[in-house]
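Structure first, commentary second.
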Amino acid sequence: KIHLFLNRSFQGKRDANLTIKIKTPFRALFEKELRRYLDSSSYVINTSLGIMVLCFVSCGCILFGISNIENLFGISSLELILNQYGSLVIASFLIMSCTTSSSISLEGNNLWILQSSPVSIVKVVNSKIAVNILIHFIGYFFAVTMIFLKVKLNVIQMILVLVVPICYSLFISIVGLYLNIRYMKLKWNDEISVIKHSTAAILTNLIAIFMIAVPVIMMIFLHLSYQVTMLIICTLMLIVCQKLYRVSLSINFCK
């Protein structure tokens, strides 16, 4: 009787605690990609240094004031720069941080898992883009909060601060993924060779620098206002994003 009672109670407890977790394919891919990112210190450092600096400076300005940060780093007229060009400053830090340029190559010999999984290319692509956007959002949140609290802005400047960094984030995320699909490097000995020295990573960094320089060149040589310049740049970036995203989906690397 004791034996039967113990088995019955144990079985009942086991049934009561039995839970089955069900995740959507996108969420499972997103969490897998995020775990890979967080588990690799070289991946984090080499693709998110801009975000770290942006968070550090933004929190410093919120806690200690912009004037103290100016004295600390020897930057003059920081508040004026943020007032006039704050959206481009934030976007510059975001665009220099890209995880998608090496996200597919880092699959390495495990790419067969994606090839054999019953998931669409759309979910795979979106999950990798979503991780990069999530990382960007952390720096974006602190930077936008700092500017809204510490800098006086008009309505147009507020819209630019909110919209321009988002356009830059989407642009570099999709461009990095497209280049990684085009120049996949699945055979590698260490992660650094993929994250920093691969063709896709180098081209992505060059494009990021170019997209930071283009607005400055347009304002200097074409004598356009900052608002008009950013409107043109953001429109062109969104058009390029749409085309490259569609092309990325047509190149089904999972087959």
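By order of appearance in the structure tokens: chains A, B, ..., then residues from 1 within every chain, and ligands from 1 in the order shown.
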For this session: Quick one: pick out all alpha helix (DSSP H) residues within stretch 32-129 of chain A from a backbone DSSP run and write them as an MDAnalysis selection string.
Result: chainID A and resid 32:39 41:64 66:73 78:95 100:103 111:116 121:129
Save out the residues we just selected, C-alpha atoms, as a PDB file, in the first residue's frame.
ATOM      1  CA  LYS A  32      18.583  31.534 -30.839  1.00  0.00           C
ATOM      2  CA  GLU A  33      20.220  34.466 -32.615  1.00  0.00           C
ATOM      3  CA  LEU A  34      20.203  36.594 -29.476  1.00  0.00           C
ATOM      4  CA  ARG A  35      21.815  33.809 -27.424  1.00  0.00           C
ATOM      5  CA  ARG A  36      24.562  33.438 -29.988  1.00  0.00           C
ATOM      6  CA  TYR A  37      25.205  37.170 -29.826  1.00  0.00           C
ATOM      7  CA  LEU A  38      25.290  37.347 -26.015  1.00  0.00           C
ATOM      8  CA  ASP A  39      27.419  34.211 -25.649  1.00  0.00           C
ATOM      9  CA  SER A  41      32.247  38.468 -26.165  1.00  0.00           C
ATOM     10  CA  SER A  42      34.084  39.174 -29.436  1.00  0.00           C
ATOM     11  CA  TYR A  43      30.744  39.399 -31.252  1.00  0.00           C
ATOM     12  CA  VAL A  44      29.400  41.888 -28.701  1.00  0.00           C
ATOM     13  CA  ILE A  45      32.506  44.068 -28.521  1.00  0.00           C
ATOM     14  CA  ASN A  46      33.164  44.275 -32.264  1.00  0.00           C
ATOM     15  CA  THR A  47      29.566  44.943 -33.303  1.00  0.00           C
ATOM     16  CA  SER A  48      28.211  47.051 -30.453  1.00  0.00           C
ATOM     17  CA  LEU A  49      30.998  49.406 -29.418  1.00  0.00           C
ATOM     18  CA  GLY A  50      29.109  52.361 -30.876  1.00  0.00           C
ATOM     19  CA  ILE A  51      26.013  51.462 -28.889  1.00  0.00           C
ATOM     20  CA  MET A  52      28.043  51.167 -25.686  1.00  0.00           C
ATOM     21  CA  VAL A  53      29.638  54.586 -26.179  1.00  0.00           C
ATOM     22  CA  LEU A  54      26.270  56.125 -27.037  1.00  0.00           C
ATOM     23  CA  CYS A  55      24.669  54.694 -23.880  1.00  0.00           C
ATOM     24  CA  PHE A  56      27.614  55.802 -21.721  1.00  0.00           C
ATOM     25  CA  VAL A  57      27.626  59.381 -23.017  1.00  0.00           C
ATOM     26  CA  SER A  58      23.825  59.657 -22.928  1.00  0.00           C
ATOM     27  CA  CYS A  59      23.613  58.437 -19.329  1.00  0.00           C
ATOM     28  CA  GLY A  60      26.476  60.767 -18.396  1.00  0.00           C
ATOM     29  CA  CYS A  61      24.654  63.757 -19.870  1.00  0.00           C
ATOM     30  CA  ILE A  62      21.457  62.827 -18.048  1.00  0.00           C
ATOM     31  CA  LEU A  63      23.146  62.340 -14.674  1.00  0.00           C
ATOM     32  CA  PHE A  64      25.863  65.001 -14.717  1.00  0.00           C
ATOM     33  CA  ILE A  66      25.999  68.268 -20.812  1.00  0.00           C
ATOM     34  CA  SER A  67      28.438  70.936 -19.575  1.00  0.00           C
ATOM     35  CA  ASN A  68      30.298  68.439 -17.384  1.00  0.00           C
ATOM     36  CA  ILE A  69      30.562  65.983 -20.285  1.00  0.00           C
ATOM     37  CA  GLU A  70      31.947  68.803 -22.435  1.00  0.00           C
ATOM     38  CA  ASN A  71      34.665  69.452 -19.866  1.00  0.00           C
ATOM     39  CA  LEU A  72      35.400  65.749 -19.459  1.00  0.00           C
ATOM     40  CA  PHE A  73      35.908  65.022 -23.153  1.00  0.00           C
ATOM     41  CA  LEU A  78      28.058  69.993 -27.484  1.00  0.00           C
ATOM     42  CA  GLU A  79      24.569  71.232 -26.684  1.00  0.00           C
ATOM     43  CA  LEU A  80      24.503  73.302 -29.885  1.00  0.00           C
ATOM     44  CA  ILE A  81      25.648  70.302 -31.921  1.00  0.00           C
ATOM     45  CA  LEU A  82      22.934  68.135 -30.413  1.00  0.00           C
ATOM     46  CA  ASN A  83      20.369  70.847 -31.014  1.00  0.00           C
ATOM     47  CA  GLN A  84      21.189  71.183 -34.705  1.00  0.00           C
ATOM     48  CA  TYR A  85      22.469  67.742 -35.660  1.00  0.00           C
ATOM     49  CA  GLY A  86      21.398  65.455 -32.817  1.00  0.00           C
ATOM     50  CA  SER A  87      19.574  63.039 -35.104  1.00  0.00           C
ATOM     51  CA  LEU A  88      22.659  62.508 -37.288  1.00  0.00           C
ATOM     52  CA  VAL A  89      24.872  62.090 -34.210  1.00  0.00           C
ATOM     53  CA  ILE A  90      22.648  59.297 -32.874  1.00  0.00           C
ATOM     54  CA  ALA A  91      22.363  57.713 -36.318  1.00  0.00           C
ATOM     55  CA  SER A  92      26.162  57.729 -36.693  1.00  0.00           C
ATOM     56  CA  PHE A  93      26.600  55.616 -33.577  1.00  0.00           C
ATOM     57  CA  LEU A  94      23.848  53.218 -34.632  1.00  0.00           C
ATOM     58  CA  ILE A  95      25.034  52.682 -38.182  1.00  0.00           C
ATOM     59  CA  THR A 100      23.710  41.206 -39.559  1.00  0.00           C
ATOM     60  CA  SER A 101      26.878  41.503 -41.665  1.00  0.00           C
ATOM     61  CA  SER A 102      28.181  38.320 -40.043  1.00  0.00           C
ATOM     62  CA  SER A 103      25.064  36.654 -38.641  1.00  0.00           C
ATOM     63  CA  LEU A 111      23.769  26.138 -41.502  1.00  0.00           C
ATOM     64  CA  TRP A 112      22.271  22.728 -42.284  1.00  0.00           C
ATOM     65  CA  ILE A 113      19.971  23.223 -39.279  1.00  0.00           C
ATOM     66  CA  LEU A 114      18.329  26.171 -41.031  1.00  0.00           C
ATOM     67  CA  GLN A 115      18.362  24.266 -44.313  1.00  0.00           C
ATOM     68  CA  SER A 116      16.501  21.327 -42.801  1.00  0.00           C
ATOM     69  CA  ILE A 121      13.373  32.428 -45.393  1.00  0.00           C
ATOM     70  CA  VAL A 122      11.268  35.397 -44.283  1.00  0.00           C
ATOM     71  CA  LYS A 123      11.346  34.305 -40.638  1.00  0.00           C
ATOM     72  CA  VAL A 124      15.089  33.626 -40.740  1.00  0.00           C
ATOM     73  CA  VAL A 125      15.854  37.022 -42.280  1.00  0.00           C
ATOM     74  CA  ASN A 126      13.480  38.888 -39.976  1.00  0.00           C
ATOM     75  CA  SER A 127      14.894  37.239 -36.849  1.00  0.00           C
ATOM     76  CA  LYS A 128      18.442  38.314 -37.701  1.00  0.00           C
ATOM     77  CA  ILE A 129      17.345  41.852 -38.520  1.00  0.00           C
TER      78      ILE A 129
END
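Residue nearest A:Gln227, chosen from A:Val247, A:Met184, A:Ile156, A:Ile212 and counting only C-alpha atoms: A:Ile156.
The gap separating atom CA of A:Ser97 from atom CA of A:Ser198 is 15.4 Å, in Å to one decimal.
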Exercise. What gap, in Å, lies between atom CA of A:Cys98 and atom CA of A:Asn205?
Worked result: 8.4 Å
Exercise. Got a sec: who's within 9 Å of A:Met158, counting only C-alpha atoms, leaving out chain neighbours fewer than 5 positions off, as a VMD selection string?
Worked result: chain A and resid 87 148 153 163
Print the selection's residues with all heavy atoms to a file, as a PDB file, in the first residue's frame.
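Okay, selection_1.pdb is ready:
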ATOM      1  N   SER A  87      20.059  64.249 -34.441  1.00  0.00           N
ATOM      2  CA  SER A  87      19.574  63.039 -35.104  1.00  0.00           C
ATOM      3  C   SER A  87      20.681  62.334 -35.875  1.00  0.00           C
ATOM      4  O   SER A  87      20.785  61.104 -35.860  1.00  0.00           O
ATOM      5  CB  SER A  87      18.425  63.392 -36.053  1.00  0.00           C
ATOM      6  OG  SER A  87      18.844  64.359 -37.014  1.00  0.00           O
ATOM      7  N   PHE A 148      15.858  64.837 -25.376  1.00  0.00           N
ATOM      8  CA  PHE A 148      14.565  65.434 -25.027  1.00  0.00           C
ATOM      9  C   PHE A 148      14.604  66.100 -23.647  1.00  0.00           C
ATOM     10  O   PHE A 148      13.906  67.088 -23.409  1.00  0.00           O
ATOM     11  CB  PHE A 148      13.472  64.378 -25.066  1.00  0.00           C
ATOM     12  CG  PHE A 148      12.972  64.079 -26.458  1.00  0.00           C
ATOM     13  CD1 PHE A 148      13.553  64.677 -27.562  1.00  0.00           C
ATOM     14  CD2 PHE A 148      11.928  63.204 -26.664  1.00  0.00           C
ATOM     15  CE1 PHE A 148      13.098  64.414 -28.840  1.00  0.00           C
ATOM     16  CE2 PHE A 148      11.461  62.932 -27.938  1.00  0.00           C
ATOM     17  CZ  PHE A 148      12.053  63.544 -29.036  1.00  0.00           C
ATOM     18  N   LEU A 153      14.359  71.650 -28.254  1.00  0.00           N
ATOM     19  CA  LEU A 153      14.124  71.337 -29.659  1.00  0.00           C
ATOM     20  C   LEU A 153      12.771  71.865 -30.102  1.00  0.00           C
ATOM     21  O   LEU A 153      11.827  71.923 -29.308  1.00  0.00           O
ATOM     22  CB  LEU A 153      14.168  69.818 -29.889  1.00  0.00           C
ATOM     23  CG  LEU A 153      15.422  69.055 -29.456  1.00  0.00           C
ATOM     24  CD1 LEU A 153      15.190  67.561 -29.614  1.00  0.00           C
ATOM     25  CD2 LEU A 153      16.635  69.491 -30.255  1.00  0.00           C
ATOM     26  N   VAL A 163      12.981  59.978 -36.080  1.00  0.00           N
ATOM     27  CA  VAL A 163      12.850  59.236 -37.334  1.00  0.00           C
ATOM     28  C   VAL A 163      14.188  58.876 -37.966  1.00  0.00           C
ATOM     29  O   VAL A 163      14.393  57.741 -38.409  1.00  0.00           O
ATOM     30  CB  VAL A 163      11.992  60.039 -38.340  1.00  0.00           C
ATOM     31  CG1 VAL A 163      11.952  59.353 -39.696  1.00  0.00           C
ATOM     32  CG2 VAL A 163      10.581  60.223 -37.791  1.00  0.00           C
TER      33      VAL A 163
END
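For the set A:Asn154, A:Ser225, A:Thr199, A:Ser173, the residue with the smallest atom-to-atom gap to A:Cys241 is A:Ser173, counting only C-alpha atoms.
Closest to A:Ser250 among A:Ile181, A:Ile207, A:Ile147, A:Ala213 is A:Ile181, based on only C-alpha atoms.
Distance check against A:Asp190 using only C-alpha atoms: of A:Gly108, A:Pro165, A:Pro215, A:Pro118, the minimum falls on A:Gly108.
One finds atom CA of A:Met230 at 11.9 Å from atom CA of A:Ile217.
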Seminar exercise, completed: If you count only C-alpha atoms, the residue of A:Tyr178, A:Tyr140, A:Phe30, A:Phe171 closest to A:Ala201 turns out to be A:Tyr178
